[in-house]
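Have a look at upload.cif; it's mmCIF, C-alpha atoms and all ligand atoms:
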data_coords
loop_
_atom_site.label_atom_id
_atom_site.label_comp_id
_atom_site.auth_asym_id
_atom_site.auth_seq_id
_atom_site.Cartn_x
_atom_site.Cartn_y
_atom_site.Cartn_z
CA MET A 29 2.75 7.65 -39.85
CA ASP A 30 -0.63 8.62 -38.47
CA PHE A 31 -2.48 6.84 -35.73
CA THR A 32 -6.16 5.97 -35.96
CA LEU A 33 -7.86 5.37 -32.63
CA GLU A 34 -10.92 3.12 -32.45
CA LEU A 35 -13.02 2.92 -29.34
CA LEU A 36 -14.65 -0.37 -28.33
CA ASP A 37 -17.12 -0.90 -25.55
CA THR A 38 -16.32 -4.45 -24.39
CA THR A 39 -13.77 -6.91 -25.67
CA GLU A 40 -11.77 -9.80 -24.24
CA SER A 41 -8.42 -8.12 -24.86
CA THR A 42 -7.51 -5.24 -27.14
CA GLN A 43 -4.32 -7.24 -27.91
CA ASP A 44 -6.42 -9.89 -29.65
CA VAL A 45 -8.41 -7.29 -31.58
CA ILE A 46 -5.20 -5.82 -32.96
CA ARG A 47 -3.74 -9.27 -33.65
CA ASP A 48 -6.78 -10.14 -35.78
CA LEU A 49 -6.51 -6.84 -37.64
CA ALA A 50 -2.79 -7.38 -38.20
CA GLY A 51 -3.48 -10.88 -39.55
CA ASN A 52 -5.82 -9.30 -42.09
CA GLY A 53 -3.03 -7.02 -43.28
CA GLU A 54 -4.09 -3.87 -41.41
CA ARG A 55 -1.62 -1.00 -41.76
CA GLU A 56 0.54 0.13 -38.86
CA GLY A 57 -0.85 2.94 -36.74
CA ILE A 58 -4.20 1.39 -35.97
CA ALA A 59 -4.94 1.62 -32.24
CA VAL A 60 -7.85 0.23 -30.28
CA MET A 61 -8.97 1.16 -26.80
CA ALA A 62 -11.73 -0.55 -24.83
CA ILE A 63 -13.90 0.61 -22.00
CA ARG A 64 -13.98 -2.90 -20.59
CA GLN A 65 -11.72 -5.92 -21.14
CA THR A 66 -13.06 -9.25 -19.95
CA ARG A 67 -9.75 -11.09 -20.35
CA GLY A 68 -7.06 -8.43 -20.15
CA ARG A 69 -3.54 -9.85 -20.30
CA GLY A 70 -0.43 -8.73 -18.46
CA ARG A 71 3.23 -9.70 -18.76
CA GLU A 72 4.53 -13.12 -17.77
CA GLY A 73 1.10 -14.74 -18.10
CA HIS A 74 -0.54 -12.51 -15.47
CA ALA A 75 -4.09 -11.25 -15.88
CA TRP A 76 -4.66 -7.49 -16.21
CA ILE A 77 -7.74 -6.56 -14.25
CA SER A 78 -9.17 -3.06 -14.39
CA PRO A 79 -12.60 -1.69 -13.43
CA PRO A 80 -14.65 -0.78 -16.54
CA GLY A 81 -14.60 2.82 -17.71
CA LYS A 82 -11.98 4.02 -15.26
CA ASN A 83 -8.68 3.24 -16.90
CA LEU A 84 -6.97 3.13 -20.24
CA ALA A 85 -6.64 -0.18 -22.10
CA LEU A 86 -4.97 0.51 -25.42
CA SER A 87 -3.28 -1.63 -28.06
CA ILE A 88 -1.35 -0.34 -31.04
CA LEU A 89 -0.17 -2.07 -34.21
CA LEU A 90 3.30 -1.20 -35.47
CA ARG A 91 5.33 -2.71 -38.27
CA PRO A 92 8.85 -1.52 -37.46
CA ARG A 93 11.72 -2.53 -39.74
CA LEU A 94 13.83 -4.22 -37.12
CA LYS A 95 15.91 -7.31 -36.72
CA LEU A 96 14.17 -9.88 -34.57
CA PRO A 97 16.27 -9.40 -31.40
CA GLU A 98 15.55 -5.66 -31.49
CA ALA A 99 11.80 -6.18 -31.05
CA ALA A 100 12.09 -6.00 -27.25
CA LEU A 101 13.28 -2.42 -27.56
CA MET A 102 9.79 -1.44 -28.73
CA GLY A 103 8.50 -2.20 -25.22
CA LEU A 104 11.14 0.10 -23.77
CA LEU A 105 10.09 2.79 -26.24
CA ALA A 106 6.49 2.43 -25.07
CA GLY A 107 7.57 2.67 -21.42
CA VAL A 108 9.45 5.88 -22.14
CA ALA A 109 6.44 7.30 -24.02
CA VAL A 110 4.09 6.49 -21.12
CA ALA A 111 6.43 7.99 -18.51
CA GLU A 112 6.94 11.16 -20.58
CA THR A 113 3.20 11.52 -21.17
CA LEU A 114 2.42 11.15 -17.48
CA ALA A 115 5.14 13.66 -16.59
CA GLY A 116 3.46 16.08 -19.02
CA MET A 117 0.21 15.59 -17.08
CA GLN A 118 1.91 16.68 -13.86
CA VAL A 119 2.21 13.17 -12.45
CA PRO A 120 5.24 13.58 -10.14
CA HIS A 121 8.41 11.68 -11.11
CA PRO A 122 7.15 8.77 -13.22
CA GLY A 123 9.95 6.20 -13.23
CA LEU A 124 10.64 2.90 -14.97
CA LYS A 125 11.15 -0.58 -13.60
CA TRP A 126 12.78 -2.93 -16.09
CA PRO A 127 11.58 -3.67 -18.65
CA ASN A 128 8.68 -1.29 -18.86
CA ASP A 129 6.53 -0.92 -15.76
CA VAL A 130 5.83 2.71 -14.94
CA LEU A 131 5.95 3.48 -11.21
CA VAL A 132 5.25 6.53 -9.10
CA ASN A 133 6.43 6.46 -5.49
CA ASP A 134 7.21 2.78 -5.94
CA LYS A 135 3.60 2.04 -6.98
CA LYS A 136 2.59 0.81 -10.40
CA ILE A 137 0.65 3.32 -12.50
CA ALA A 138 1.00 1.66 -15.92
CA GLY A 139 2.07 -1.61 -17.49
CA ILE A 140 3.04 -2.59 -21.00
CA LEU A 141 2.66 -5.86 -22.82
CA SER A 142 4.69 -5.89 -26.01
CA GLU A 143 3.94 -8.83 -28.31
CA ALA A 144 5.71 -9.62 -31.57
CA ALA A 145 4.66 -11.77 -34.52
CA ILE A 146 7.41 -13.59 -36.34
CA ASN A 147 7.46 -15.34 -39.69
CA ARG A 148 10.51 -17.29 -40.91
CA SER A 149 12.78 -15.45 -38.45
CA CYS A 150 11.47 -12.06 -39.63
CA LEU A 151 9.59 -9.62 -37.47
CA GLN A 152 6.11 -9.18 -38.94
CA TYR A 153 4.62 -6.72 -36.49
CA VAL A 154 4.60 -5.58 -32.88
CA ILE A 155 1.55 -4.99 -30.73
CA LEU A 156 2.10 -2.52 -27.92
CA GLY A 157 -0.51 -3.09 -25.22
CA ILE A 158 -0.68 -0.31 -22.69
CA GLY A 159 -2.70 -0.29 -19.50
CA VAL A 160 -2.70 2.96 -17.53
CA ASN A 161 -4.49 3.39 -14.22
CA VAL A 162 -6.12 6.72 -15.03
CA ASN A 163 -9.14 7.35 -12.82
CA SER A 164 -9.00 4.42 -10.38
CA GLU A 165 -9.49 5.38 -6.77
CA GLY A 166 -7.93 3.46 -3.90
CA SER A 167 -11.02 1.33 -3.33
CA ASP A 168 -11.09 0.27 -7.02
CA PHE A 169 -7.94 -1.81 -6.74
CA PRO A 170 -8.34 -5.49 -5.83
CA PRO A 171 -6.86 -6.25 -2.37
CA GLU A 172 -3.80 -8.02 -3.78
CA ILE A 173 -2.57 -4.85 -5.50
CA ALA A 174 -4.18 -2.19 -3.26
CA THR A 175 -0.86 -1.24 -1.66
CA THR A 176 1.26 -1.51 -4.79
CA ALA A 177 -0.85 0.35 -7.37
CA THR A 178 -1.66 3.99 -7.97
CA SER A 179 -3.41 6.04 -10.64
CA VAL A 180 -3.06 9.32 -12.50
CA ALA A 181 -6.08 10.68 -10.60
CA LEU A 182 -4.56 9.72 -7.24
CA CYS A 183 -1.27 11.36 -8.24
CA THR A 184 -2.72 14.57 -9.69
CA GLY A 185 -5.86 15.08 -7.60
CA ARG A 186 -8.19 15.26 -10.61
CA MET A 187 -10.03 12.97 -13.05
CA TRP A 188 -8.90 12.72 -16.66
CA ASP A 189 -10.65 12.07 -19.98
CA ILE A 190 -9.40 8.59 -20.89
CA GLN A 191 -9.58 9.17 -24.63
CA GLU A 192 -7.58 12.36 -24.23
CA VAL A 193 -4.90 10.41 -22.34
CA ALA A 194 -4.86 7.85 -25.18
CA LEU A 195 -4.34 10.58 -27.78
CA LYS A 196 -1.51 12.14 -25.78
CA LEU A 197 0.11 8.75 -25.51
CA LEU A 198 -0.19 8.02 -29.23
CA GLU A 199 1.40 11.37 -29.96
CA ALA A 200 4.32 10.56 -27.64
CA ILE A 201 4.81 7.14 -29.26
CA LYS A 202 4.66 8.66 -32.73
CA THR A 203 7.33 11.23 -31.83
CA LEU A 204 9.75 8.53 -30.63
CA TYR A 205 8.86 5.98 -33.32
CA GLU A 206 9.46 8.40 -36.16
CA ARG A 207 13.00 9.06 -34.94
CA LEU A 208 13.97 5.36 -35.16
CA PRO A 209 14.82 5.16 -38.87
CA TYR A 210 17.29 8.03 -38.43
CA GLU A 211 18.71 7.48 -34.97
CA GLU A 212 18.09 3.80 -34.14
CA PHE A 213 17.49 3.01 -30.46
CA GLY A 214 20.32 4.88 -28.74
CA PHE A 215 18.14 7.82 -27.71
CA VAL A 216 15.40 5.47 -26.43
CA ARG A 217 17.90 3.63 -24.23
CA GLU A 218 19.21 6.96 -22.99
CA MET A 219 15.71 8.28 -22.16
CA TRP A 220 14.84 4.96 -20.55
CA ARG A 221 17.93 5.07 -18.37
CA THR A 222 17.19 8.62 -17.24
CA ARG A 223 13.89 7.42 -15.79
CA TRP A 224 15.19 4.05 -14.52
CA LEU A 225 14.51 3.68 -10.80
CA HIS A 226 16.85 0.84 -9.92
CA GLU A 227 20.27 1.68 -11.33
CA GLY A 228 22.94 0.43 -8.92
CA LEU A 229 20.46 -1.32 -6.63
CA LEU A 230 20.59 -4.93 -5.55
CA MET A 231 17.86 -6.82 -7.42
CA ARG A 232 16.45 -10.31 -7.07
CA TRP A 233 15.00 -12.66 -9.65
CA GLY A 234 13.87 -16.05 -8.45
CA GLU A 235 16.48 -17.21 -5.93
CA LYS A 236 19.27 -15.06 -7.35
CA THR A 237 20.45 -11.55 -6.62
CA GLY A 238 22.67 -9.07 -8.41
CA GLN A 239 23.40 -5.40 -8.71
CA ALA A 240 21.58 -3.69 -11.59
CA VAL A 241 24.20 -1.99 -13.74
CA GLY A 242 22.42 -1.18 -16.99
CA ILE A 243 20.71 -2.39 -20.12
CA ASN A 244 22.48 -3.70 -23.19
CA GLU A 245 22.03 -2.78 -26.87
CA LEU A 246 18.92 -4.96 -27.07
CA GLY A 247 17.33 -3.71 -23.86
CA ALA A 248 18.24 -6.76 -21.74
CA LEU A 249 19.00 -6.10 -18.07
CA ILE A 250 22.64 -6.44 -16.98
CA LEU A 251 23.36 -7.43 -13.39
CA LYS A 252 26.57 -8.03 -11.50
CA THR A 253 26.31 -11.13 -9.33
CA PRO A 254 27.80 -11.38 -5.80
CA THR A 255 30.50 -13.72 -7.19
CA GLY A 256 31.67 -11.08 -9.65
CA GLY A 257 29.94 -12.56 -12.69
CA THR A 258 27.53 -10.89 -15.08
CA GLU A 259 23.95 -11.97 -15.74
CA VAL A 260 21.98 -10.74 -18.71
CA ILE A 261 18.24 -11.08 -18.31
CA VAL A 262 16.09 -10.89 -21.41
CA ALA A 263 12.68 -11.60 -19.89
CA GLY A 264 11.06 -12.12 -16.51
CA ASP A 265 10.31 -10.30 -13.31
CA VAL A 266 13.15 -8.66 -11.40
CA PHE A 267 12.52 -6.83 -8.14
CA PRO A 268 14.59 -4.65 -5.81
CA ALA A 269 16.01 -6.93 -3.10
CA TYR A 270 15.37 -4.23 -0.51
CA PRO A 271 12.16 -2.53 -1.60
CA GLN A 272 12.31 -0.15 1.35
CA GLU A 273 15.34 1.54 -0.21
CA ASN A 274 14.29 4.82 -1.71
CA PRO A 275 14.31 4.70 -5.48
CA ARG A 276 16.09 7.57 -7.15
CA SER A 277 13.58 10.29 -7.96
CA LEU A 278 13.75 12.61 -10.93
C1 LIG B 301 1.71 -5.68 -17.31
O1 LIG B 301 2.15 -4.80 -16.59
O2 LIG B 301 1.66 -6.85 -16.92
C2 LIG B 301 1.23 -5.32 -18.68
C3 LIG B 301 -0.22 -4.92 -18.70
C4 LIG B 301 -0.73 -4.59 -20.07
C5 LIG B 301 -2.22 -4.35 -20.07
C6 LIG B 301 -2.71 -3.83 -21.37
S1 LIG B 301 -4.34 -3.17 -21.29
C7 LIG B 301 -4.40 -3.06 -23.02
C8 LIG B 301 -3.76 -4.32 -23.56
N1 LIG B 301 -4.73 -5.39 -23.60
C9 LIG B 301 -4.39 -6.39 -22.78
O3 LIG B 301 -5.04 -7.44 -22.65
N2 LIG B 301 -3.25 -6.11 -22.14
C10 LIG B 301 -2.74 -4.82 -22.52
#

Rewritten as structure tokens:
Amino acid sequence: MDFTLELLDTTESTQDVIRDLAGNGEREGIAVMAIRQTRGRGREGHAWISPPGKNLALSILLRPRLKLPEAALMGLLAGVAVAETLAGMQVPHPGLKWPNDVLVNDKKIAGILSEAAINRSCLQYVILGIGVNVNSEGSDFPPEIATTATSVALCTGRMWDIQEVALKLLEAIKTLYERLPYEEFGFVREMWRTRWLHEGLLMRWGEKTGQAVGINELGALILKTPTGGTEVIVAGDVFPAYPQENPRSL
């Protein structure tokens, strides 16, 4: 499969551009990046806000042959591809927070929104939406994320060509994606786990806490609760209960 990258100036969300293309039967491999998104979307209904021209906003259409519950694993695959790409650009120790945030030094450098379209219980397509803070400087981040966000430029001490970053990323996704028909997701889970920052740590979600022990076959997070039970989380936000604890570095 070959990727085709289209560059837009301004759009509400590259996710919607790809969704419209997918609805018109567009083939998998089409990718769209935008210089400016006016209504960028994040996970869990959050907005994704990014100063125009500084960062990567990229969405990709894929039509993987998967059973419906496996669709979530595509987000993990994207997280692995982003972390590997950033590592290749000399970003130090990119790590993963479940399900697919990419962090450096405990600060978010990239986020992924994986959306699936379903028809009669069959997976039609997946849109991988990837936002990478590429050239943002400290003062570019809105106050609410100023202390929790970082960028490739801040981590490497140089500016990057955003389109070049997009092409590197598409290459990394292609490499992983093309292995799936032969190997299924075992290697993705393994690569994900190698970069996972919170293995063994006490995590909290809502009012609950539990020790992060792993991910299951479908990429859901497995936690051991203080009462000895097991919780399997398929979606949502889960944070380290003691953020000051040093995450494992690679
Ligand atoms: C998150 O961490 O909450 C996920 C952020 C995903 C942002 C990207 S930018 C490209 C694509 N278009 C969007 O509107 N969202 C995704």

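Put simply, CA of Gly238 (chain A) is 17.9 Å away from CA of Arg221 (chain A).
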
Around ligand LIG 301 (chain B), out to 6 Å and counting all atoms listed in the file, which residues are there? I want them as a PDB file with C-alpha atoms, keeping the file's coordinate frame.
ATOM      1  CA  SER A  41      -8.420  -8.120 -24.860  1.00  0.00           C
ATOM      2  CA  THR A  42      -7.510  -5.240 -27.140  1.00  0.00           C
ATOM      3  CA  GLN A  43      -4.320  -7.240 -27.910  1.00  0.00           C
ATOM      4  CA  GLY A  68      -7.060  -8.430 -20.150  1.00  0.00           C
ATOM      5  CA  ARG A  69      -3.540  -9.850 -20.300  1.00  0.00           C
ATOM      6  CA  GLY A  70      -0.430  -8.730 -18.460  1.00  0.00           C
ATOM      7  CA  ARG A  71       3.230  -9.700 -18.760  1.00  0.00           C
ATOM      8  CA  TRP A  76      -4.660  -7.490 -16.210  1.00  0.00           C
ATOM      9  CA  ALA A  85      -6.640  -0.180 -22.100  1.00  0.00           C
ATOM     10  CA  LEU A  86      -4.970   0.510 -25.420  1.00  0.00           C
ATOM     11  CA  SER A  87      -3.280  -1.630 -28.060  1.00  0.00           C
ATOM     12  CA  ASP A 129       6.530  -0.920 -15.760  1.00  0.00           C
ATOM     13  CA  GLY A 139       2.070  -1.610 -17.490  1.00  0.00           C
ATOM     14  CA  ILE A 140       3.040  -2.590 -21.000  1.00  0.00           C
ATOM     15  CA  LEU A 141       2.660  -5.860 -22.820  1.00  0.00           C
ATOM     16  CA  GLY A 157      -0.510  -3.090 -25.220  1.00  0.00           C
ATOM     17  CA  ILE A 158      -0.680  -0.310 -22.690  1.00  0.00           C
ATOM     18  CA  GLY A 159      -2.700  -0.290 -19.500  1.00  0.00           C
TER      19      GLY A 159
END

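Our summary of the geometry notes that CA of Asp44 (chain A) is positioned 26.2 Å from CA of Trp188 (chain A).
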
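Nearest-residue note for Val160 (chain A): choosing from A:Leu90, A:Ile58, A:Leu35, A:Val110, the minimum distance belongs to A:Val110, counting all atoms listed in the file.
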
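Of the listed residues (A:Leu84, A:Ile243, A:Ala263, A:Leu124), A:Ile243 comes nearest to Gly214 (chain A); the distances count all atoms listed in the file.
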
Expressed in Å, the length from CA of Lys125 (chain A) to CA of Val45 (chain A) is 27.4 Å

Please provide as a short mmCIF file (atom, residue, chain, number, x, y, z; two decimals) with C-alpha atoms, in the coordinates of the input all residues within 12 Å of region 177-187 of chain A, with the sequence filter that same-chain residues fewer than 5 positions apart are discarded (counting all atoms listed in the file).
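Below is the file that was written, result-v7.cif:
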data_model
loop_
_atom_site.label_atom_id
_atom_site.label_comp_id
_atom_site.auth_asym_id
_atom_site.auth_seq_id
_atom_site.Cartn_x
_atom_site.Cartn_y
_atom_site.Cartn_z
CA ILE A 77 -7.74 -6.56 -14.25
CA SER A 78 -9.17 -3.06 -14.39
CA LYS A 82 -11.98 4.02 -15.26
CA ASN A 83 -8.68 3.24 -16.90
CA LEU A 84 -6.97 3.13 -20.24
CA VAL A 110 4.09 6.49 -21.12
CA ALA A 111 6.43 7.99 -18.51
CA THR A 113 3.20 11.52 -21.17
CA LEU A 114 2.42 11.15 -17.48
CA ALA A 115 5.14 13.66 -16.59
CA GLY A 116 3.46 16.08 -19.02
CA MET A 117 0.21 15.59 -17.08
CA GLN A 118 1.91 16.68 -13.86
CA VAL A 119 2.21 13.17 -12.45
CA PRO A 120 5.24 13.58 -10.14
CA HIS A 121 8.41 11.68 -11.11
CA PRO A 122 7.15 8.77 -13.22
CA ASP A 129 6.53 -0.92 -15.76
CA VAL A 130 5.83 2.71 -14.94
CA LEU A 131 5.95 3.48 -11.21
CA VAL A 132 5.25 6.53 -9.10
CA ASN A 133 6.43 6.46 -5.49
CA ASP A 134 7.21 2.78 -5.94
CA LYS A 135 3.60 2.04 -6.98
CA LYS A 136 2.59 0.81 -10.40
CA ILE A 137 0.65 3.32 -12.50
CA ALA A 138 1.00 1.66 -15.92
CA GLY A 139 2.07 -1.61 -17.49
CA GLY A 159 -2.70 -0.29 -19.50
CA VAL A 160 -2.70 2.96 -17.53
CA ASN A 161 -4.49 3.39 -14.22
CA VAL A 162 -6.12 6.72 -15.03
CA ASN A 163 -9.14 7.35 -12.82
CA SER A 164 -9.00 4.42 -10.38
CA GLU A 165 -9.49 5.38 -6.77
CA GLY A 166 -7.93 3.46 -3.90
CA SER A 167 -11.02 1.33 -3.33
CA ASP A 168 -11.09 0.27 -7.02
CA PHE A 169 -7.94 -1.81 -6.74
CA PRO A 170 -8.34 -5.49 -5.83
CA PRO A 171 -6.86 -6.25 -2.37
CA GLU A 172 -3.80 -8.02 -3.78
CA GLU A 192 -7.58 12.36 -24.23
CA VAL A 193 -4.90 10.41 -22.34
#

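Restricting the calculation to all atoms listed in the file, the smallest distance between Lys236 (chain A) and any of A:Pro254, A:Pro80, A:Gly53, A:Pro127 is found for A:Pro254.
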
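Residue nearest Gly234 (chain A) within the list A:Ala269, A:Ala248, A:Ala200, A:Met219: A:Ala269 [criterion: smallest interatomic distance, only C-alpha atoms].
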
With all atoms listed in the file as the counted atoms, please give the residues lying no more than 7 Å from Gln65 (chain A), apart from itself and same-chain residues fewer than 4 positions off, as a PyMOL selection string.
chain A and resi 38-41

Around the point (18.6, 11.3, -16.9) in the file's coordinates, collect all residues with an atom within 12 Å, using all atoms listed in the file, and return them as a list in words.
Val108, His121, Gly123, Leu124, Phe215, Val216, Arg217, Glu218, Met219, Trp220, Arg221, Thr222, Arg223, Trp224, Leu225, Glu227, Arg276, Ser277 and Leu278 of chain A

Set up a box along x, y and z of the file covering all listed atoms of region 124-139 of chain A, add 6 Å on every one of the six sides, and write the centre and edge lengths in Å to one decimal, as lines of an AutoDock Vina configuration file.
center_x = 6.7
center_y = 1.4
center_z = -12.2
size_x = 24.1
size_y = 22.2
size_z = 25.4

Considering only C-alpha atoms, return as a list in words whatever protein or nucleic-acid residues lie within 10 Å of Thr258 (chain A), sequence-local ones (same chain, fewer than 5 positions apart) excluded.
Gly238, Gln239, Ala240, Val241, Ile250, Leu251, Lys252 and Thr253 of chain A

Mind listing whatever residues come within 10 Å of the point (0.3, 7.0, -28.0)? Use all atoms listed in the file, file coordinates, and give them as a ChimeraX atom specification.
/A:31,33,57,59,86-88,106,109-110,113,156,158,193-204

Leaving out Pro92 (chain A) and any residue of its chain fewer than 3 positions from it, which residues lie within 10 Å of it when counting all atoms listed in the file, given as JSON, numbers by chain?
{"A": [56, 89, 95, 98, 99, 102, 151, 152, 153, 154, 205, 208, 209]}
